[in-house]
Amino acid sequence: MHHHFLIHKPYGYLSQFIYELKRPKKLLGELYDFPENTMAIGRLDEDSEGLLLLTTDGMMSEIVRSKKVEKEYYAQVDGIVTEEAVELLRNGVEIGFHGKKYITKKCKASILETIPDLGERGKKIRDERHGPTSWVSITLTEGKFRQVRKMTSAVGFPTLRLVRVRVGNIHLNDLKAGEVLEVSGFDL
C-alpha cells in the first residue's frame, strides 16, 4: 500500500531527504516521520514555499509531473506589476534554461488585487522603504528550473516571494508552513 502526503514546504527547506554536500541544509525529513521510499513530486527550491506532494508511488509521481496537471503559484514581485507585463507572461517570455534561450509556453496569469493570506515567511523579505510590491498569480503546465522567478524578471518585476498554492485540484488551503497531511490519494 502506498502513502501520499500534502506538505506546506516552508521557506529555507530543500525538497529532498538526502543532501550530501558540505553545508548543512534543512530537509523534508525534519518535518515528519515519512515512511521509507517517500519522494517529493517535483520540487520547490530552497527559497520557495507552498504546496508539495509526496508519495511512495513512482507512477503517481509521473502523473502529477505531467504537462496535463496545472501548478499555480503566487509571486510577490518588486514594484507594482502592470497588465502589460501580465499579458507578456500569458503569451510566453524568453528565459535562460541550461545555457540556452527558451520561450515559456502560454500560461494563465493575473494580478492579485488583494494580498493573499499566506502567513509570515520564515525570513523577512525587506521593508517598505525599498518601494512597493504587488502579487501575481501564474499557472503553468511546465516547470523549468526557477521558471516563475525567471519569467517575472523577464518582464521587469523580480520575484521576492514565491508560493505554490495549487497542484491540479489540490489547494494549499489552510495548511500552515511545515504542516504535513497524510491523504488516501491525490484527486487531480
# chains A, B, ... in the order shown; residues from 1 in each chain; ligands from 1
>>> residues_around(residues="Ile18 of chain A", least_positions_apart="6", cutoff="12 Å", atoms="only C-alpha atoms", output="ChimeraX atom specification")
/A:24-30,37-40
>>> write_last_selection(atoms="N, CA, C and O atoms", output="mmCIF file, in the first residue's frame")
data_model
loop_
_atom_site.group_PDB
_atom_site.id
_atom_site.type_symbol
_atom_site.label_atom_id
_atom_site.label_comp_id
_atom_site.auth_asym_id
_atom_site.auth_seq_id
_atom_site.Cartn_x
_atom_site.Cartn_y
_atom_site.Cartn_z
ATOM 1 N N PRO A 24 25.374 22.257 5.843
ATOM 2 C CA PRO A 24 24.144 21.662 6.366
ATOM 3 C C PRO A 24 22.912 22.378 5.790
ATOM 4 O O PRO A 24 22.915 23.593 5.647
ATOM 5 N N LYS A 25 21.899 21.604 5.444
ATOM 6 C CA LYS A 25 20.659 22.147 4.883
ATOM 7 C C LYS A 25 19.480 21.548 5.626
ATOM 8 O O LYS A 25 19.552 20.434 6.151
ATOM 9 N N LYS A 26 18.356 22.272 5.630
ATOM 10 C CA LYS A 26 17.119 21.753 6.212
ATOM 11 C C LYS A 26 16.440 20.872 5.163
ATOM 12 O O LYS A 26 16.270 21.282 4.013
ATOM 13 N N LEU A 27 16.050 19.655 5.581
ATOM 14 C CA LEU A 27 15.464 18.678 4.660
ATOM 15 C C LEU A 27 14.051 18.306 5.094
ATOM 16 O O LEU A 27 13.682 18.456 6.263
ATOM 17 N N LEU A 28 13.260 17.778 4.165
ATOM 18 C CA LEU A 28 11.862 17.427 4.438
ATOM 19 C C LEU A 28 11.702 16.442 5.588
ATOM 20 O O LEU A 28 10.734 16.508 6.335
ATOM 21 N N GLY A 29 12.649 15.513 5.722
ATOM 22 C CA GLY A 29 12.558 14.504 6.784
ATOM 23 C C GLY A 29 12.562 15.091 8.182
ATOM 24 O O GLY A 29 12.165 14.426 9.143
ATOM 25 N N GLU A 30 12.972 16.340 8.320
ATOM 26 C CA GLU A 30 12.959 17.002 9.627
ATOM 27 C C GLU A 30 11.553 17.436 10.029
ATOM 28 O O GLU A 30 11.308 17.765 11.186
ATOM 29 N N ASN A 37 11.164 5.246 1.299
ATOM 30 C CA ASN A 37 10.884 5.410 -0.134
ATOM 31 C C ASN A 37 9.905 6.535 -0.463
ATOM 32 O O ASN A 37 9.355 6.578 -1.566
ATOM 33 N N THR A 38 9.682 7.442 0.477
ATOM 34 C CA THR A 38 8.858 8.615 0.173
ATOM 35 C C THR A 38 9.678 9.572 -0.677
ATOM 36 O O THR A 38 10.855 9.797 -0.421
ATOM 37 N N MET A 39 9.039 10.110 -1.729
ATOM 38 C CA MET A 39 9.721 11.050 -2.624
ATOM 39 C C MET A 39 8.854 12.280 -2.834
ATOM 40 O O MET A 39 7.627 12.196 -2.802
ATOM 41 N N ALA A 40 9.504 13.413 -3.026
ATOM 42 C CA ALA A 40 8.786 14.629 -3.387
ATOM 43 C C ALA A 40 8.427 14.540 -4.864
ATOM 44 O O ALA A 40 9.221 14.080 -5.675
#
>>> residues_around(residues="Gly42 of chain A", least_positions_apart="2", cutoff="8 Å", atoms="only C-alpha atoms", output="NGL selection string")
:A and (40 or 44 or 52-53 or 61 or 65)
>>> write_last_selection(atoms="N, CA and C atoms", output="JSON list (two decimals), in the first residue's frame")
[["chain", "number", "residue", "atom", "x", "y", "z"],
["A", 40, "ALA", "N", 9.50, 13.41, -3.03],
["A", 40, "ALA", "CA", 8.79, 14.63, -3.39],
["A", 40, "ALA", "C", 8.43, 14.54, -4.86],
["A", 44, "LEU", "N", 10.32, 22.35, -5.12],
["A", 44, "LEU", "CA", 10.26, 23.78, -4.84],
["A", 44, "LEU", "C", 11.66, 24.12, -4.36],
["A", 52, "LEU", "N", 3.53, 21.02, -1.67],
["A", 52, "LEU", "CA", 4.40, 19.99, -2.23],
["A", 52, "LEU", "C", 3.72, 18.65, -1.97],
["A", 53, "LEU", "N", 3.63, 17.82, -2.99],
["A", 53, "LEU", "CA", 3.04, 16.50, -2.85],
["A", 53, "LEU", "C", 4.18, 15.49, -2.71],
["A", 61, "SER", "N", 3.83, 9.84, -9.12],
["A", 61, "SER", "CA", 4.77, 10.94, -9.33],
["A", 61, "SER", "C", 4.79, 11.33, -10.81],
["A", 65, "ARG", "N", 3.58, 15.05, -12.33],
["A", 65, "ARG", "CA", 4.58, 15.88, -13.02],
["A", 65, "ARG", "C", 4.26, 16.08, -14.51]]
>>> select_by_dssp(residues="segment 132-178 of chain A", states="strand (DSSP E)", output="ChimeraX atom specification")
/A:133-140,159-167,170-171
>>> write_last_selection(atoms="C-alpha atoms", output="compact mmCIF listing (two decimals), in the first residue's frame")
# COMPACT_ATOMS: atom_id res chain seq x y z
CA THR A 133 5.44 45.28 -4.06
CA SER A 134 2.49 43.51 -5.66
CA TRP A 135 1.24 39.96 -6.20
CA VAL A 136 0.59 37.97 -9.36
CA SER A 137 -0.89 34.51 -9.94
CA ILE A 138 0.84 32.32 -12.55
CA THR A 139 -0.49 28.90 -13.55
CA LEU A 140 1.85 26.64 -15.51
CA THR A 159 10.10 37.77 -7.60
CA LEU A 160 10.62 38.45 -3.91
CA ARG A 161 8.47 35.62 -2.53
CA LEU A 162 7.12 32.55 -4.34
CA VAL A 163 4.41 30.25 -3.02
CA ARG A 164 2.85 27.28 -4.86
CA VAL A 165 -0.83 27.32 -3.92
CA ARG A 166 -2.29 24.59 -6.15
CA VAL A 167 -1.38 21.36 -7.96
CA ILE A 170 -5.36 20.16 -4.72
CA HIS A 171 -5.10 23.51 -2.93
>>> select_by_dssp(residues="segment 47-125 of chain A", states="helix (DSSP H, G or I)", output="list in words")
Gly58, Met59, Met60, Ser61, Glu62, Ile63, Val64, Arg65, Glu83, Glu84, Ala85, Val86, Glu87, Leu88, Leu89, Arg90 and Asn91 of chain A
>>> write_last_selection(atoms="N, CA and C atoms", output="compact mmCIF listing (two decimals), in the first residue's frame")
# COMPACT_ATOMS: atom_id res chain seq x y z
N GLY A 58 5.81 5.70 -7.46
CA GLY A 58 6.51 6.30 -8.60
C GLY A 58 5.58 6.63 -9.76
N MET A 59 4.56 5.79 -10.01
CA MET A 59 3.61 6.06 -11.09
C MET A 59 2.81 7.33 -10.81
N MET A 60 2.43 7.54 -9.55
CA MET A 60 1.69 8.74 -9.18
C MET A 60 2.56 9.98 -9.41
N SER A 61 3.83 9.84 -9.12
CA SER A 61 4.77 10.94 -9.33
C SER A 61 4.79 11.33 -10.81
N GLU A 62 4.81 10.35 -11.70
CA GLU A 62 4.81 10.62 -13.15
C GLU A 62 3.54 11.35 -13.57
N ILE A 63 2.41 10.95 -13.04
CA ILE A 63 1.12 11.57 -13.39
C ILE A 63 1.10 13.03 -12.96
N VAL A 64 1.50 13.30 -11.72
CA VAL A 64 1.46 14.66 -11.19
C VAL A 64 2.42 15.57 -11.95
N ARG A 65 3.58 15.05 -12.33
CA ARG A 65 4.58 15.88 -13.02
C ARG A 65 4.26 16.08 -14.51
N GLU A 83 -0.59 45.39 -16.18
CA GLU A 83 -1.37 44.48 -17.01
C GLU A 83 -0.58 44.08 -18.25
N GLU A 84 0.24 45.01 -18.76
CA GLU A 84 1.08 44.72 -19.92
C GLU A 84 2.08 43.60 -19.61
N ALA A 85 2.68 43.66 -18.43
CA ALA A 85 3.64 42.63 -18.02
C ALA A 85 2.95 41.28 -17.87
N VAL A 86 1.74 41.30 -17.31
CA VAL A 86 0.99 40.05 -17.13
C VAL A 86 0.61 39.46 -18.48
N GLU A 87 0.28 40.31 -19.44
CA GLU A 87 -0.05 39.83 -20.79
C GLU A 87 1.17 39.16 -21.43
N LEU A 88 2.35 39.74 -21.23
CA LEU A 88 3.58 39.12 -21.73
C LEU A 88 3.77 37.73 -21.09
N LEU A 89 3.54 37.64 -19.78
CA LEU A 89 3.67 36.34 -19.10
C LEU A 89 2.72 35.31 -19.72
N ARG A 90 1.48 35.73 -19.96
CA ARG A 90 0.47 34.83 -20.52
C ARG A 90 0.90 34.25 -21.87
N ASN A 91 1.55 35.07 -22.67
CA ASN A 91 1.88 34.68 -24.04
C ASN A 91 3.23 33.98 -24.17
>>> closest_residue(among="A:Lys123, A:Arg23, A:Lys9, A:Lys106", to="Arg43 of chain A", atoms="only C-alpha atoms")
A:Lys9
>>> residues_around(residues="Gly178 of chain A", least_positions_apart="2", cutoff="12 Å", atoms="only C-alpha atoms", output="short mmCIF file (atom, residue, chain, number, x, y, z; two decimals) with C-alpha atoms, in the first residue's frame")
data_model
loop_
_atom_site.label_atom_id
_atom_site.label_comp_id
_atom_site.auth_asym_id
_atom_site.auth_seq_id
_atom_site.Cartn_x
_atom_site.Cartn_y
_atom_site.Cartn_z
CA LEU A 6 0.47 17.07 1.26
CA ILE A 7 3.01 19.38 2.82
CA HIS A 8 3.35 23.13 3.12
CA LYS A 9 7.07 23.38 2.44
CA PRO A 10 8.47 26.23 4.46
CA TYR A 11 11.00 28.75 3.20
CA GLY A 12 14.57 27.53 3.68
CA TYR A 13 13.97 23.79 3.21
CA LYS A 26 17.12 21.75 6.21
CA LEU A 27 15.46 18.68 4.66
CA LEU A 28 11.86 17.43 4.44
CA GLY A 29 12.56 14.50 6.78
CA GLU A 30 12.96 17.00 9.63
CA LEU A 31 9.26 17.93 9.34
CA TYR A 32 7.64 14.49 9.69
CA GLU A 49 7.31 27.83 -0.25
CA GLY A 50 3.96 26.16 -0.56
CA LEU A 51 2.21 23.01 -1.64
CA LEU A 52 4.40 19.99 -2.23
CA GLY A 119 1.18 33.81 6.84
CA ARG A 121 7.58 33.90 5.71
CA GLY A 122 10.35 32.40 7.84
CA LEU A 172 -2.78 24.67 -0.16
CA ASP A 174 -5.13 26.45 5.46
CA LEU A 175 -2.09 24.16 5.66
CA LYS A 176 0.47 26.04 7.77
CA VAL A 180 2.12 17.63 6.79
CA LEU A 181 -1.17 15.93 5.97
#
>>> atom_distance(atom1="atom CA of Gln76 of chain A", atom2="atom CA of Leu118 of chain A")
11.2 Å
>>> atom_distance(atom1="atom CA of Val77 of chain A", atom2="atom CA of Leu188 of chain A")
28.5 Å
>>> atom_distance(atom1="atom CA of Gly79 of chain A", atom2="atom CA of Ile95 of chain A")
20.1 Å
>>> decode(residues="segment 61-167 of chain A", atoms="C-alpha atoms", output="tab-separated table (two decimals), in the first residue's frame")
chain	number	residue	atom	x	y	z
A	61	SER	CA	4.77	10.94	-9.33
A	62	GLU	CA	4.81	10.62	-13.15
A	63	ILE	CA	1.12	11.57	-13.39
A	64	VAL	CA	1.46	14.66	-11.19
A	65	ARG	CA	4.58	15.88	-13.02
A	66	SER	CA	2.89	15.52	-16.43
A	67	LYS	CA	2.02	18.55	-18.52
A	68	LYS	CA	-1.68	17.79	-18.01
A	69	VAL	CA	-1.58	18.92	-14.38
A	70	GLU	CA	-1.62	22.67	-13.68
A	71	LYS	CA	0.57	24.17	-10.97
A	72	GLU	CA	-0.46	27.61	-9.64
A	73	TYR	CA	1.95	29.99	-7.95
A	74	TYR	CA	1.51	33.30	-6.17
A	75	ALA	CA	4.53	35.54	-6.67
A	76	GLN	CA	5.19	38.70	-4.69
A	77	VAL	CA	7.12	40.92	-7.07
A	78	ASP	CA	9.22	44.04	-6.78
A	79	GLY	CA	7.13	47.02	-7.92
A	80	ILE	CA	3.51	47.40	-8.99
A	81	VAL	CA	3.04	44.82	-11.73
A	82	THR	CA	1.30	46.09	-14.86
A	83	GLU	CA	-1.37	44.48	-17.01
A	84	GLU	CA	1.08	44.72	-19.92
A	85	ALA	CA	3.64	42.63	-18.02
A	86	VAL	CA	0.99	40.05	-17.13
A	87	GLU	CA	-0.05	39.83	-20.79
A	88	LEU	CA	3.58	39.12	-21.73
A	89	LEU	CA	3.67	36.34	-19.10
A	90	ARG	CA	0.47	34.83	-20.52
A	91	ASN	CA	1.88	34.68	-24.04
A	92	GLY	CA	5.32	33.30	-23.14
A	93	VAL	CA	8.58	35.05	-22.38
A	94	GLU	CA	12.19	34.26	-23.15
A	95	ILE	CA	14.19	32.84	-20.26
A	96	GLY	CA	17.51	31.09	-19.97
A	97	PHE	CA	17.46	27.33	-19.39
A	98	HIS	CA	20.58	25.11	-19.43
A	99	GLY	CA	22.56	27.90	-21.09
A	100	LYS	CA	20.08	28.26	-23.95
A	101	LYS	CA	17.23	30.64	-24.66
A	102	TYR	CA	13.78	29.19	-24.04
A	103	ILE	CA	10.32	30.64	-24.74
A	104	THR	CA	7.88	29.63	-22.00
A	105	LYS	CA	4.58	28.07	-23.03
A	106	LYS	CA	1.39	30.12	-22.84
A	107	CYS	CA	0.02	30.18	-19.32
A	108	LYS	CA	-2.61	31.74	-17.13
A	109	ALA	CA	-1.53	34.87	-15.29
A	110	SER	CA	-3.38	37.60	-13.41
A	111	ILE	CA	-2.78	40.39	-10.94
A	112	LEU	CA	-3.95	39.59	-7.41
A	113	GLU	CA	-5.96	42.60	-6.20
A	114	THR	CA	-5.65	41.62	-2.52
A	115	ILE	CA	-2.60	40.34	-0.67
A	116	PRO	CA	-3.01	36.57	-0.20
A	117	ASP	CA	-3.23	35.32	3.39
A	118	LEU	CA	-0.18	33.05	3.39
A	119	GLY	CA	1.18	33.81	6.84
A	120	GLU	CA	4.58	35.29	7.52
A	121	ARG	CA	7.58	33.90	5.71
A	122	GLY	CA	10.35	32.40	7.84
A	123	LYS	CA	12.72	35.16	6.76
A	124	LYS	CA	11.72	38.79	6.28
A	125	ILE	CA	11.80	39.82	2.63
A	126	ARG	CA	12.52	43.52	3.08
A	127	ASP	CA	10.80	46.55	4.49
A	128	GLU	CA	8.55	49.08	2.80
A	129	ARG	CA	11.35	51.65	2.44
A	130	HIS	CA	12.59	49.71	-0.60
A	131	GLY	CA	9.47	50.54	-2.57
A	132	PRO	CA	6.12	48.92	-3.29
A	133	THR	CA	5.44	45.28	-4.06
A	134	SER	CA	2.49	43.51	-5.66
A	135	TRP	CA	1.24	39.96	-6.20
A	136	VAL	CA	0.59	37.97	-9.36
A	137	SER	CA	-0.89	34.51	-9.94
A	138	ILE	CA	0.84	32.32	-12.55
A	139	THR	CA	-0.49	28.90	-13.55
A	140	LEU	CA	1.85	26.64	-15.51
A	141	THR	CA	1.77	23.16	-17.03
A	142	GLU	CA	5.55	23.06	-17.34
A	143	GLY	CA	8.23	23.51	-14.72
A	144	LYS	CA	11.71	24.53	-15.79
A	145	PHE	CA	14.38	25.35	-13.20
A	146	ARG	CA	13.32	28.54	-11.33
A	147	GLN	CA	10.88	29.25	-14.15
A	148	VAL	CA	8.44	31.59	-12.37
A	149	ARG	CA	11.29	33.69	-10.98
A	150	LYS	CA	12.89	33.93	-14.42
A	151	MET	CA	9.55	34.82	-16.01
A	152	THR	CA	8.73	37.70	-13.66
A	153	SER	CA	12.28	39.04	-14.01
A	154	ALA	CA	11.99	38.87	-17.81
A	155	VAL	CA	9.04	41.29	-17.68
A	156	GLY	CA	10.77	43.66	-15.25
A	157	PHE	CA	9.28	42.53	-11.92
A	158	PRO	CA	11.69	40.27	-9.99
A	159	THR	CA	10.10	37.77	-7.60
A	160	LEU	CA	10.62	38.45	-3.91
A	161	ARG	CA	8.47	35.62	-2.53
A	162	LEU	CA	7.12	32.55	-4.34
A	163	VAL	CA	4.41	30.25	-3.02
A	164	ARG	CA	2.85	27.28	-4.86
A	165	VAL	CA	-0.83	27.32	-3.92
A	166	ARG	CA	-2.29	24.59	-6.15
A	167	VAL	CA	-1.38	21.36	-7.96
